[in-house]
Each structure stands twice: as structure tokens, then as C-alpha cells.
file entry.cif (mmCIF, C-alpha atoms)
data_entry
#
loop_
_atom_site.label_atom_id
_atom_site.label_comp_id
_atom_site.auth_asym_id
_atom_site.auth_seq_id
_atom_site.Cartn_x
_atom_site.Cartn_y
_atom_site.Cartn_z
CA MET A 660 63.37 65.87 92.27
CA SER A 661 60.77 63.70 93.83
CA GLY A 662 61.78 60.45 95.41
CA HIS A 663 60.42 58.40 92.54
CA THR A 664 62.70 56.51 90.25
CA HIS A 665 61.98 56.46 86.55
CA ASN A 666 60.86 53.06 85.42
CA ALA A 667 61.45 51.58 82.01
CA ASP A 668 58.30 53.16 80.53
CA ASP A 669 59.30 56.64 81.52
CA ARG A 670 62.74 56.20 80.05
CA ARG A 671 61.38 55.00 76.79
CA GLU A 672 59.11 58.04 76.56
CA LEU A 673 62.04 60.34 77.14
CA GLN A 674 64.04 58.68 74.42
CA MET A 675 61.19 58.80 71.98
CA ALA A 676 60.90 62.52 72.51
CA ARG A 677 64.35 62.98 71.09
CA SER A 678 64.70 63.33 67.33
CA MET A 679 66.55 65.38 64.78
CA CYS A 680 67.47 69.04 65.07
CA TRP A 681 65.18 71.06 62.78
CA HIS A 682 68.13 73.28 61.82
CA CYS A 683 71.29 71.23 61.39
CA GLN A 684 69.59 67.83 61.11
CA SER A 685 71.99 66.24 63.54
CA GLU A 686 70.67 63.69 66.00
CA MET A 687 69.36 65.41 69.11
CA ALA A 688 70.90 64.45 72.40
CA GLY A 689 70.21 67.65 74.32
CA GLU A 690 66.88 68.26 76.00
CA TYR A 691 65.49 71.36 74.31
CA PHE A 692 68.56 72.67 72.53
CA CYS A 693 70.63 71.10 69.80
CA ASP A 694 74.08 70.11 71.06
CA ARG A 695 75.74 71.01 67.83
CA CYS A 696 74.14 74.22 66.56
CA VAL A 697 72.66 75.30 69.94
CA LYS A 698 69.31 76.14 68.32
CA VAL A 699 66.17 75.98 70.43
CA GLN A 700 64.01 72.97 69.57
CA PRO A 701 60.22 72.86 69.41
CA VAL A 702 58.61 70.89 72.20
CA SER A 703 56.85 68.02 70.53
CA LYS A 704 53.05 68.15 70.66
CA ASP A 705 53.13 64.48 71.61
CA LEU A 706 55.24 65.17 74.65
CA ASP A 707 53.16 64.92 77.80
CA TYR A 708 53.52 67.56 80.48
CA PHE A 709 55.19 65.21 82.95
CA THR A 710 57.92 64.32 80.48
CA CYS A 711 58.24 67.96 79.50
CA PHE A 712 59.27 68.73 83.07
CA GLY A 713 61.42 65.63 83.33
CA LEU A 714 59.05 64.20 85.92
CA PRO A 715 57.75 60.65 86.18
CA ARG A 716 54.03 60.21 85.50
CA ARG A 717 53.01 60.25 89.13
CA LEU A 718 50.33 62.11 91.03
CA ALA A 719 52.55 63.01 93.95
CA LEU A 720 55.14 65.47 92.82
CA ASP A 721 57.56 67.83 94.46
CA PRO A 722 56.17 71.35 93.90
CA GLN A 723 59.60 72.89 94.39
CA ALA A 724 61.20 70.68 91.76
CA LEU A 725 58.33 71.55 89.40
CA GLU A 726 58.72 75.26 90.04
CA ALA A 727 62.50 75.18 89.65
CA LYS A 728 62.21 73.38 86.32
CA PHE A 729 59.49 75.80 85.23
CA TYR A 730 61.70 78.82 85.92
CA GLU A 731 64.64 77.18 84.21
CA LEU A 732 62.67 76.40 81.06
CA SER A 733 60.86 79.76 81.13
CA ARG A 734 64.20 81.50 80.97
CA ALA A 735 65.41 79.17 78.24
CA PHE A 736 62.36 79.72 76.03
CA HIS A 737 61.54 83.33 76.86
CA PRO A 738 60.66 85.31 73.71
CA ASP A 739 62.70 88.29 74.97
CA PHE A 740 65.87 86.33 74.31
CA TYR A 741 64.87 85.54 70.76
CA GLN A 742 64.16 89.02 69.43
CA ASN A 743 67.32 89.06 67.32
CA LYS A 744 67.00 85.47 66.18
CA SER A 745 65.42 84.02 63.05
CA ASP A 746 61.66 83.89 62.54
CA ALA A 747 61.72 80.13 63.01
CA GLU A 748 63.40 80.45 66.39
CA GLN A 749 61.04 83.22 67.47
CA THR A 750 58.06 81.05 66.64
CA ILE A 751 59.52 78.10 68.53
CA SER A 752 60.20 80.33 71.51
CA LEU A 753 56.61 81.56 71.55
CA ASP A 754 55.08 78.11 71.08
CA ASN A 755 57.32 76.55 73.70
CA SER A 756 56.57 79.30 76.20
CA ALA A 757 52.82 78.93 75.70
CA MET A 758 53.02 75.17 76.06
CA LEU A 759 55.22 75.50 79.12
CA ASN A 760 52.78 77.84 80.86
CA THR A 761 49.86 75.52 80.22
CA ALA A 762 51.86 72.53 81.37
CA TYR A 763 52.93 74.28 84.56
CA ARG A 764 49.42 75.47 85.42
CA THR A 765 48.07 71.98 84.85
CA LEU A 766 50.66 70.13 86.88
CA ARG A 767 50.81 72.64 89.73
CA ASP A 768 47.21 72.00 90.80
CA PRO A 769 46.66 68.49 92.18
CA ILE A 770 43.13 68.24 90.78
CA GLN A 771 44.05 69.46 87.31
CA ARG A 772 47.07 67.17 87.43
CA ALA A 773 44.82 64.19 88.14
CA GLU A 774 42.37 65.21 85.43
CA TYR A 775 45.24 65.53 82.99
CA LEU A 776 46.59 62.14 83.93
CA LEU A 777 43.13 60.65 83.40
CA ASP A 778 43.08 62.19 79.92
CA LEU A 779 46.49 60.69 79.17
CA GLU A 780 45.35 57.29 80.37
CA ALA A 781 41.85 57.71 78.94
CA GLY A 782 42.05 54.62 76.77
CA SER A 783 41.26 52.36 79.68
CA VAL A 784 38.43 54.39 81.22
CA LYS A 785 36.82 56.28 78.36
CA ASP A 786 33.46 54.62 78.14
CA ILE A 787 32.80 53.99 81.78
CA ARG A 788 29.89 56.05 82.97
CA THR A 789 30.39 57.66 86.32
CA THR A 790 28.21 56.30 89.06
CA PRO A 791 27.43 58.98 91.60
CA PRO A 792 26.12 57.90 94.98
CA ALA A 793 22.31 58.00 95.08
CA ASP A 794 22.22 59.71 98.46
CA LEU A 795 24.12 62.65 96.97
CA PHE A 796 21.24 63.30 94.59
CA GLU A 797 18.71 63.16 97.38
CA GLU A 798 20.71 65.74 99.25
CA ILE A 799 21.02 67.92 96.16
CA LEU A 800 17.33 67.63 95.34
CA GLU A 801 16.34 68.72 98.84
CA LEU A 802 18.84 71.54 98.68
CA GLN A 803 17.47 72.74 95.32
CA ASP A 804 14.00 72.73 96.85
CA THR A 805 15.15 74.86 99.76
CA LEU A 806 17.05 77.18 97.40
CA ASP A 807 13.93 77.64 95.29
CA GLU A 808 11.88 78.45 98.34
CA PHE A 809 14.52 80.86 99.58
CA ARG A 810 14.74 82.66 96.23
CA THR A 811 11.02 83.40 96.24
CA SER A 812 10.81 84.23 99.92
CA ASP A 813 10.74 87.69 101.43
CA ARG A 814 14.29 88.09 102.72
CA ALA A 815 13.15 89.97 105.81
CA SER A 816 10.67 87.30 106.84
CA GLU A 817 10.97 84.76 109.61
CA ASN A 818 10.72 81.97 107.06
CA ALA A 819 13.73 83.28 105.13
CA ALA A 820 15.78 83.25 108.32
CA VAL A 821 14.80 79.62 108.96
CA LEU A 822 15.68 78.70 105.39
CA ARG A 823 19.00 80.48 105.63
CA THR A 824 19.90 78.48 108.75
CA LYS A 825 19.00 75.31 106.91
CA LEU A 826 21.07 76.32 103.89
CA ASP A 827 24.04 77.08 106.11
CA ALA A 828 23.79 73.58 107.57
CA ASP A 829 23.47 72.11 104.06
CA ARG A 830 26.55 73.99 103.00
CA ALA A 831 28.51 72.59 105.93
CA THR A 832 27.40 69.07 105.01
CA LEU A 833 28.43 69.52 101.38
CA GLU A 834 31.75 71.02 102.30
CA GLN A 835 32.41 68.05 104.57
CA ARG A 836 31.57 65.82 101.64
CA GLN A 837 34.08 67.74 99.53
CA ARG A 838 36.79 67.19 102.14
CA ASP A 839 35.96 63.49 102.32
CA MET A 840 36.22 63.21 98.56
CA GLU A 841 39.55 65.00 98.56
CA ALA A 842 40.92 62.63 101.20
CA GLU A 843 39.68 59.70 99.14
CA LEU A 844 41.36 61.14 96.04
CA GLN A 845 44.62 61.48 97.94
CA GLN A 846 44.47 57.79 98.80
CA LEU A 847 43.81 56.87 95.19
CA PHE A 848 46.76 59.04 94.12
CA SER A 849 49.07 57.12 96.45
CA ARG A 850 47.72 53.79 95.26
CA TRP A 851 48.21 54.82 91.64
CA ASP A 852 51.77 55.98 92.23
CA ALA A 853 52.67 52.83 94.13
CA LEU A 854 51.27 50.72 91.33
CA GLN A 855 53.21 52.67 88.72
CA ASP A 856 56.38 52.38 90.80
CA ARG A 857 56.05 48.60 90.78
CA GLY A 858 55.61 48.80 86.99
CA GLU A 859 54.00 45.37 86.66
CA ALA A 860 52.49 44.47 83.30
CA THR A 861 50.32 41.64 84.63
CA GLU A 862 46.58 41.33 84.07
CA PRO A 863 45.68 41.98 87.74
CA ALA A 864 47.88 45.09 87.72
CA ARG A 865 46.13 46.32 84.58
CA ALA A 866 42.72 45.68 86.12
CA GLU A 867 43.75 47.52 89.27
CA ARG A 868 44.94 50.48 87.19
CA GLY A 869 41.57 50.58 85.44
CA ARG A 870 39.72 50.49 88.77
CA ILE A 871 41.81 53.27 90.27
CA LEU A 872 41.36 55.46 87.20
CA LYS A 873 37.62 54.88 87.20
CA ASP A 874 37.34 55.68 90.90
CA MET A 875 39.38 58.83 90.37
CA ARG A 876 37.15 59.91 87.50
CA ASP A 877 34.04 59.27 89.61
CA ILE A 878 35.27 61.32 92.52
CA LEU A 879 36.57 64.14 90.35
CA SER A 880 33.25 64.41 88.55
CA ASN A 881 31.23 64.31 91.79
CA ARG A 882 33.59 66.82 93.32
CA THR A 883 32.98 69.28 90.48
CA TYR A 884 29.27 68.70 90.86
CA VAL A 885 29.30 69.41 94.58
CA LYS A 886 31.56 72.40 94.06
CA ASN A 887 29.15 73.94 91.55
CA ILE A 888 26.21 73.38 93.87
CA VAL A 889 28.06 74.99 96.77
CA ASN A 890 28.88 77.99 94.57
CA ASP A 891 25.24 78.21 93.53
CA LEU A 892 24.23 78.07 97.17
CA LEU A 893 26.70 80.76 98.19
CA ALA A 894 25.58 83.04 95.36
CA THR A 895 21.93 82.62 96.38
CA ILE A 896 22.37 83.39 100.05
CA ALA A 897 24.92 86.17 99.52
CA MET B 124 19.82 75.47 69.33
CA ALA B 125 16.06 75.78 69.48
CA TYR B 126 13.91 73.51 71.56
CA SER B 127 11.22 71.59 69.72
CA GLU B 128 7.61 72.67 70.20
CA LYS B 129 6.89 69.63 72.32
CA VAL B 130 9.78 70.36 74.66
CA VAL B 131 8.63 73.95 75.06
CA ASP B 132 5.07 72.77 75.72
CA HIS B 133 6.18 70.35 78.46
CA PHE B 134 8.46 73.00 79.87
CA ASN B 135 5.72 75.64 80.04
CA ASN B 136 2.97 73.25 81.10
CA PRO B 137 4.72 70.46 82.96
CA ARG B 138 2.43 67.50 83.61
CA ASN B 139 2.34 65.82 86.97
CA MET B 140 4.81 68.00 88.77
CA GLY B 141 5.04 67.37 92.49
CA SER B 142 5.68 64.50 94.81
CA PHE B 143 4.16 61.69 96.86
CA LYS B 144 5.20 60.74 100.34
CA LYS B 145 8.02 58.27 99.90
CA GLU B 146 6.80 56.05 102.72
CA GLU B 147 3.30 55.78 101.27
CA ASP B 148 2.12 52.32 100.28
CA GLY B 149 2.67 51.46 96.63
CA VAL B 150 4.90 54.45 95.98
CA GLY B 151 8.22 53.93 94.21
CA THR B 152 10.78 56.73 94.13
CA GLY B 153 13.69 57.14 91.75
CA ILE B 154 16.22 59.91 92.19
CA VAL B 155 18.91 60.20 89.55
CA GLY B 156 21.23 62.88 88.30
CA ALA B 157 24.07 63.73 86.01
CA PRO B 158 27.03 65.38 87.70
CA GLU B 159 28.33 66.56 84.32
CA CYS B 160 25.43 68.92 83.71
CA GLY B 161 24.19 69.29 87.28
CA ASP B 162 20.71 67.99 86.51
CA VAL B 163 18.84 66.10 89.16
CA MET B 164 15.53 64.33 88.65
CA LYS B 165 13.01 62.72 90.98
CA LEU B 166 10.35 60.49 89.52
CA GLN B 167 7.68 58.74 91.56
CA ILE B 168 5.03 56.18 90.71
CA LYS B 169 1.97 55.08 92.64
CA VAL B 170 1.04 51.48 91.99
CA GLU B 171 -2.28 49.74 92.67
CA ASN B 172 -2.88 46.14 91.63
CA ASP B 173 0.23 46.12 89.49
CA THR B 174 -0.88 49.18 87.54
CA ILE B 175 0.61 52.64 87.79
CA VAL B 176 -2.32 54.84 88.77
CA ASP B 177 -0.36 58.05 89.20
CA ALA B 178 3.10 59.46 88.59
CA LYS B 179 4.87 62.63 89.65
CA PHE B 180 8.20 64.25 88.96
CA LYS B 181 10.41 67.03 90.15
CA THR B 182 13.38 68.02 88.03
CA PHE B 183 16.03 70.66 88.44
CA GLY B 184 17.74 70.99 85.12
CA CYS B 185 17.43 72.15 81.56
CA GLY B 186 14.26 72.30 79.47
CA SER B 187 14.91 68.93 77.86
CA ALA B 188 15.38 67.22 81.22
CA ILE B 189 12.13 68.71 82.49
CA ALA B 190 10.29 67.78 79.30
CA SER B 191 11.71 64.23 79.36
CA SER B 192 10.54 63.59 82.90
CA SER B 193 7.20 65.30 82.32
CA LEU B 194 6.57 63.10 79.29
CA ALA B 195 7.71 60.02 81.20
CA THR B 196 5.09 60.58 83.91
CA GLU B 197 2.40 60.95 81.25
CA TRP B 198 3.39 57.69 79.65
CA LEU B 199 3.67 55.85 82.94
CA LYS B 200 0.09 56.46 84.00
CA GLY B 201 -2.13 53.49 83.22
CA LYS B 202 0.75 51.19 82.37
CA THR B 203 1.44 47.97 84.27
CA VAL B 204 4.73 47.70 86.10
CA GLU B 205 5.99 45.37 83.41
CA GLU B 206 5.02 47.69 80.55
CA ALA B 207 6.63 50.63 82.32
CA GLY B 208 9.93 48.79 82.39
CA LYS B 209 9.90 48.72 78.60
CA ILE B 210 9.95 52.49 78.11
CA LYS B 211 13.19 53.34 76.35
CA ASN B 212 15.05 56.61 76.21
CA THR B 213 14.91 56.42 72.41
CA ASP B 214 11.10 56.63 72.59
CA ILE B 215 11.47 59.89 74.50
CA VAL B 216 14.06 61.21 72.04
CA GLN B 217 11.70 60.51 69.17
CA GLU B 218 8.61 61.99 70.79
CA LEU B 219 10.39 65.18 71.85
CA ASN B 220 12.71 65.52 68.85
CA LEU B 221 15.69 65.83 71.12
CA PRO B 222 18.95 66.84 69.41
CA PRO B 223 22.04 64.65 69.97
CA VAL B 224 23.44 66.92 72.70
CA LYS B 225 20.27 66.42 74.74
CA ILE B 226 20.00 62.65 74.50
CA HIS B 227 21.49 62.28 77.97
CA CYS B 228 18.34 63.96 79.34
CA SER B 229 16.23 61.12 77.99
CA VAL B 230 18.71 58.60 79.40
CA LEU B 231 18.27 60.28 82.76
CA ALA B 232 14.48 59.91 82.47
CA GLU B 233 14.80 56.22 81.62
CA ASP B 234 17.16 55.75 84.57
CA ALA B 235 14.64 57.51 86.80
CA ILE B 236 11.82 55.21 85.65
CA LYS B 237 14.01 52.16 86.30
CA ALA B 238 15.01 53.46 89.71
CA ALA B 239 11.40 54.17 90.68
CA LEU B 240 10.30 50.70 89.54
CA ALA B 241 13.16 49.09 91.44
CA ASP B 242 12.28 51.03 94.56
CA TYR B 243 8.62 50.01 94.27
CA GLN B 244 9.63 46.37 93.81
CA LYS B 245 11.95 46.50 96.79
CA LYS B 246 9.24 47.91 99.00
CA ALA B 247 6.73 45.34 97.74
CA ASP B 248 9.13 42.45 98.32
CA SER B 249 10.01 43.48 101.84
CA LYS B 250 6.37 43.33 102.91
#

call {"tool": "encode", "arguments": {"input": "entry.cif", "output": "C-alpha cells"}}
result
Amino acid sequence: MSGHTHNADDRRELQMARSMCWHCQSEMAGEYFCDRCVKVQPVSKDLDYFTCFGLPRRLALDPQALEAKFYELSRAFHPDFYQNKSDAEQTISLDNSAMLNTAYRTLRDPIQRAEYLLDLEAGSVKDIRTTPPADLFEEILELQDTLDEFRTSDRASENAAVLRTKLDADRATLEQRQRDMEAELQQLFSRWDALQDRGEATEPARAERGRILKDMRDILSNRTYVKNIVNDLLATIA
Amino acid sequence: MAYSEKVVDHFNNPRNMGSFKKEEDGVGTGIVGAPECGDVMKLQIKVENDTIVDAKFKTFGCGSAIASSSLATEWLKGKTVEEAGKIKNTDIVQELNLPPVKIHCSVLAEDAIKAALADYQKKADSK
């Protein structure tokens, strides 16, 4: 487990995920299996991926704990073990396995994890338009110009060689920008987690949450943009 | 989705494509973009005696983005700086028959006009 402690919010979510067993109708206390009839339970569609893995909603997470829980649940839900069970159980096993795989893939990757968290918290950031830095567009515009020129140039010519050198330099600049953005994201992740750990419900805390989420969304969107441009560049000069 | 005739016309025969030297007197430059779709747009105006005498654009993006900026430069020519500030993205949507999914292209063009005007103003003020 990661070093984070569950705060009151996380606990409430976990409790709300519990309900009645679909088979014997007894109150569920177990995690994914009924204590009484031992039937597998469907993972609720409302359950977020963090809760599904028993993790707090934080951006820093222990990859080993995530993996261990993934293997544990994979075994528990694996359709192979349900071949001789009822249709209902087979369906649950399939659905749970599919959901588990998606959840694992999403949480394993730090960027996808952040994007997922933003979706979960979307209420507070939905309508904020991202504001990319103006100098980024100047860079991109110049780069597109050079790419255009390169595409129509004779690859064996002197000019193409000059352009290629320029494009290589542009690529280095953009990749540096990507690294800077990733470092910035990492800082925002820590700030977010720290804020969540404190669990304050005050107005300034809410405003700070909104700011962090907006900044994260901005950087994630610019990062995708830069990544696509770099891919385009690489494909052109390949 | 099919592009409207007007979009296709602007796309095939873009008006005022090119650029001015940024440093030139009376030139305002606006560079905007949308990371979501990867479009980037440069729109420039040349102002003499408070009137836009020429406008140029350079856009890397979809047909609607190119058409929106091409149309914007056409409209800008001959307008005063104040009139230019009143061009709305909805005017562009109407003129080009842009479908809902392409409205952001017209927003981008409006943003580019605003950015170019602001840049012109800034240069004028600092003199």
C-alpha cells in the first residue's frame, strides 16, 4: 500500500460501494464476494477505478501495490474459474475482468491516471477553456512552415540537409518542452495529493483544487499537442 | 460531413495567404491555436490611419479553419480598427455554413483577429 491514509471521503465511498448480494440478498460485507453464499459480485459501474483497487484517490501510487491487487483480482474474476458456474456468474466474471483490465491500464500510466482523475473531478473544471502559451504556437507555426518546405524539397539537395538540421533542433526544443511539462505535472500531482491528504472543505481549499485541476488539464492538453507534433515531425523526416 | 461550397471555395482559392514582417510599422500579428485539434493560425493586419489596408493569414489546419481565416482577412480589409473588433465568430459560422463540430474554427478566427488587433494596439501605444 502507498503511504497515504484514507480520509473520511474515501471511506464513505468504500461503504457506499457495498450493497446487497444479487444472489442471496444478504447485506454485503465482503469486497467482491458475498460472505454468506460466496457468489462473485458485479463491480458497480459507479465504482471508480481507485476504489476498485482499494486505493485512495491520489496521483502518486505504489505501482507494486497496484500490480499485486490487479493479479489478486484477476485471479478472483478470471472467466476460466467460472466455466462450470451459472450464466449469471459467468457474465459477472466477464464484465468484472473487462472492467478490471481497463482500470489497471488506466491507473498504471501516470498520464492516463491524471486524465482519469480529471474526468472524475470534471465538475469543477468542465467549462474552463485551456489556455496554451502563445509562444508555443509561434514555435509550432514556424515548425509547420519548415515541415512544409521539407516535404516539397528534393531530399538529396543541400537545402533539404539544412532543413533537416533545423528540424532536428526543433525536435530537441519540443522534447525539452515535453520534459518541462512532465516535471510541472509531477509538481501538480504532489500538490493535489497533499491537498487531498489534508482533506479541508474550506473555500480556499476548494479554489486551490480547482486551480490545480485546471493547470493539470492545460498541461495535459498541451502535452498531447506537442507529442502529436513531434510524431508528425518524426514521420516526415524518417 | 460535406464542406459547404463557400468553405471549399476558400480552401481551393484562399484569399490573402502569406505574411507581413512582424516588425513592420502598423502591422499587428495574432497567432492562436487549438491544442485539441492541432490547428494553428496566424493572422496579420496592416493598419494605416486607423484603417486596415491589408490583411494576411497562414493556417495549418482543417478546411474550415483555413476558410474561416481566409474569410476573416477579406472582411478585415477596409475596416477601421474599431469595426474589426466587432467581427464575431457567429458571423463567420453563418457566412460559411459551418456545422456545429466546426464552430471552434470560427472561434479560432475571432481569437486571431482579437490577438492581431491587440498586438497592433500594443505596438502603437509603445511608440

call {"tool": "resolve_selection", "arguments": {"input": "entry.cif", "expression": "the PyMOL selection byres ((chain A) within 9 of (chain B))", "output": "ChimeraX atom specification"}}
result
/A:789,791,793-794,796-797,799-800,803-804,880-885,887-888

call {"tool": "resolve_selection", "arguments": {"input": "entry.cif", "expression": "the PyMOL selection byres ((chain B and resi 148) around 9)", "output": "number ranges by chain"}}
result
B: 144-147, 149-151, 169-170, 246-247

call {"tool": "atom_distance", "arguments": {"input": "entry.cif", "atom1": "atom CA of Cys185 of chain B", "atom2": "atom CA of Thr824 of chain A"}}
result
28.0 Å

call {"tool": "residues_around", "arguments": {"input": "entry.cif", "residues": "segment 190-206 of chain B", "least_positions_apart": "4", "cutoff": "7 Å", "atoms": "only C-alpha atoms", "output": "VMD selection string"}}
result
chain B and resid 130 133 to 134 137 to 139 173 to 180 186 215 228 to 229 232

call {"tool": "residues_around", "arguments": {"input": "entry.cif", "residues": "Ile751 of chain A", "least_positions_apart": "5", "cutoff": "9 Å", "atoms": "all atoms listed in the file", "output": "PyMOL selection string"}}
result
chain A and resi 699-702+736+738+746+756

call {"tool": "residues_around", "arguments": {"input": "entry.cif", "residues": "Ile871 of chain A", "least_positions_apart": "3", "cutoff": "12 Å", "atoms": "all atoms listed in the file", "output": "list in words"}}
result
Ala773, Leu776, Leu777, Glu780, Ser783, Val784, Glu843, Leu844, Gln845, Gln846, Leu847, Phe848, Ser849, Arg850, Trp851, Asp852, Ala853, Leu854, Gln855, Ala864, Arg865, Ala866, Glu867, Arg868, Asp874, Met875, Arg876, Asp877 and Ile878 of chain A

call {"tool": "atom_distance", "arguments": {"input": "entry.cif", "atom1": "atom CA of Ala235 of chain B", "atom2": "atom CA of Lys209 of chain B"}}
result
12.9 Å

call {"tool": "resolve_selection", "arguments": {"input": "entry.cif", "expression": "the PyMOL selection byres ((chain A and resi 808) around 12)", "output": "list of chain:residue names"}}
result
A:Glu801, A:Leu802, A:Gln803, A:Asp804, A:Thr805, A:Leu806, A:Asp807, A:Phe809, A:Arg810, A:Thr811, A:Ser812, A:Asp813, A:Arg814, A:Asn818, A:Ala819, A:Ala820, A:Val821, A:Leu822, A:Arg823, A:Lys825, A:Leu826, A:Thr895, A:Ile896

call {"tool": "atom_distance", "arguments": {"input": "entry.cif", "atom1": "atom CA of Thr213 of chain B", "atom2": "atom CA of Lys245 of chain B"}}
result
26.5 Å

call {"tool": "residues_around", "arguments": {"input": "entry.cif", "residues": "Arg767 of chain A", "least_positions_apart": "4", "cutoff": "12 Å", "atoms": "all atoms listed in the file", "output": "list in words"}}
result
Tyr708, Phe709, Phe712, Leu718, Ala719, Leu720, Asp721, Pro722, Gln723, Ala724, Leu725, Glu726, Ala727, Lys728, Phe729, Leu759, Asn760, Thr761, Ala762, Tyr763, Gln771, Arg772, Ala773 and Tyr775 of chain A

call {"tool": "residues_around", "arguments": {"input": "entry.cif", "residues": "Ile236 of chain B", "least_positions_apart": "2", "cutoff": "9 Å", "atoms": "only C-alpha atoms", "output": "MDAnalysis selection string"}}
result
chainID B and resid 152:153 166:168 192 195:196 199 207:208 210 231:234 238:241

call {"tool": "axis_aligned_box", "arguments": {"input": "entry.cif", "around": "segment 126-136 of chain B", "padding_each_side": "6 Å", "output": "AutoDock Vina command-line options"}}
result
--center_x 8.4 --center_y 72.6 --center_z 75.4 --size_x 22.9 --size_y 18.0 --size_z 23.4

call {"tool": "closest_residue", "arguments": {"input": "entry.cif", "among": "A:Glu690, A:Asp827, A:Glu859, A:Asp839", "to": "Ala897 of chain A", "atoms": "only C-alpha atoms"}}
result
A:Asp827

call {"tool": "decode", "arguments": {"input": "entry.cif", "residues": "segment 158-225 of chain B", "atoms": "C-alpha atoms", "output": "tab-separated table (two decimals), in the first residue's frame"}}
result
chain	number	residue	atom	x	y	z
B	158	PRO	CA	-4.26	22.03	-28.96
B	159	GLU	CA	-7.29	19.72	-29.15
B	160	CYS	CA	-7.31	19.60	-32.93
B	161	GLY	CA	-3.75	20.71	-33.60
B	162	ASP	CA	-4.77	23.72	-35.67
B	163	VAL	CA	-2.60	26.79	-35.62
B	164	MET	CA	-3.48	30.10	-37.23
B	165	LYS	CA	-1.56	33.30	-37.90
B	166	LEU	CA	-3.47	36.40	-38.87
B	167	GLN	CA	-1.86	39.75	-39.62
B	168	ILE	CA	-3.25	43.19	-40.29
B	169	LYS	CA	-1.61	46.27	-41.76
B	170	VAL	CA	-3.06	49.49	-40.42
B	171	GLU	CA	-2.76	52.99	-41.89
B	172	ASN	CA	-4.60	55.94	-40.36
B	173	ASP	CA	-6.71	53.66	-38.21
B	174	THR	CA	-7.90	51.66	-41.21
B	175	ILE	CA	-6.88	48.13	-42.08
B	176	VAL	CA	-5.39	48.42	-45.55
B	177	ASP	CA	-4.25	44.83	-45.88
B	178	ALA	CA	-4.55	41.50	-44.09
B	179	LYS	CA	-2.80	38.17	-44.44
B	180	PHE	CA	-3.13	34.74	-42.90
B	181	LYS	CA	-1.36	31.46	-42.66
B	182	THR	CA	-3.22	28.49	-41.23
B	183	PHE	CA	-2.23	24.91	-40.66
B	184	GLY	CA	-5.40	23.02	-40.01
B	185	CYS	CA	-8.60	21.69	-41.48
B	186	GLY	CA	-10.58	23.17	-44.37
B	187	SER	CA	-12.92	25.07	-42.07
B	188	ALA	CA	-10.05	26.67	-40.18
B	189	ILE	CA	-8.44	27.76	-43.44
B	190	ALA	CA	-11.74	29.06	-44.81
B	191	SER	CA	-12.52	30.91	-41.55
B	192	SER	CA	-9.20	32.74	-41.56
B	193	SER	CA	-9.35	33.40	-45.30
B	194	LEU	CA	-12.80	34.94	-44.92
B	195	ALA	CA	-11.65	36.93	-41.90
B	196	THR	CA	-8.86	38.60	-43.89
B	197	GLU	CA	-11.35	39.50	-46.63
B	198	TRP	CA	-13.66	41.11	-44.13
B	199	LEU	CA	-10.88	42.93	-42.32
B	200	LYS	CA	-9.68	44.86	-45.34
B	201	GLY	CA	-11.11	48.37	-45.42
B	202	LYS	CA	-12.48	48.20	-41.90
B	203	THR	CA	-11.38	50.58	-39.15
B	204	VAL	CA	-9.69	49.07	-36.13
B	205	GLU	CA	-12.85	49.61	-34.13
B	206	GLU	CA	-15.09	47.93	-36.72
B	207	ALA	CA	-12.71	44.99	-36.95
B	208	GLY	CA	-13.09	44.38	-33.23
B	209	LYS	CA	-16.79	43.78	-33.78
B	210	ILE	CA	-16.41	40.78	-36.07
B	211	LYS	CA	-17.96	37.81	-34.30
B	212	ASN	CA	-17.36	34.13	-34.82
B	213	THR	CA	-21.09	33.70	-35.38
B	214	ASP	CA	-20.84	35.92	-38.48
B	215	ILE	CA	-18.24	33.53	-39.86
B	216	VAL	CA	-20.35	30.48	-38.98
B	217	GLN	CA	-23.28	31.98	-40.83
B	218	GLU	CA	-21.34	33.04	-43.91
B	219	LEU	CA	-19.59	29.67	-44.27
B	220	ASN	CA	-22.45	27.46	-43.10
B	221	LEU	CA	-20.20	25.77	-40.60
B	222	PRO	CA	-21.65	22.69	-38.90
B	223	PRO	CA	-21.64	22.56	-35.07
B	224	VAL	CA	-18.48	20.43	-34.92
B	225	LYS	CA	-16.57	23.13	-36.81
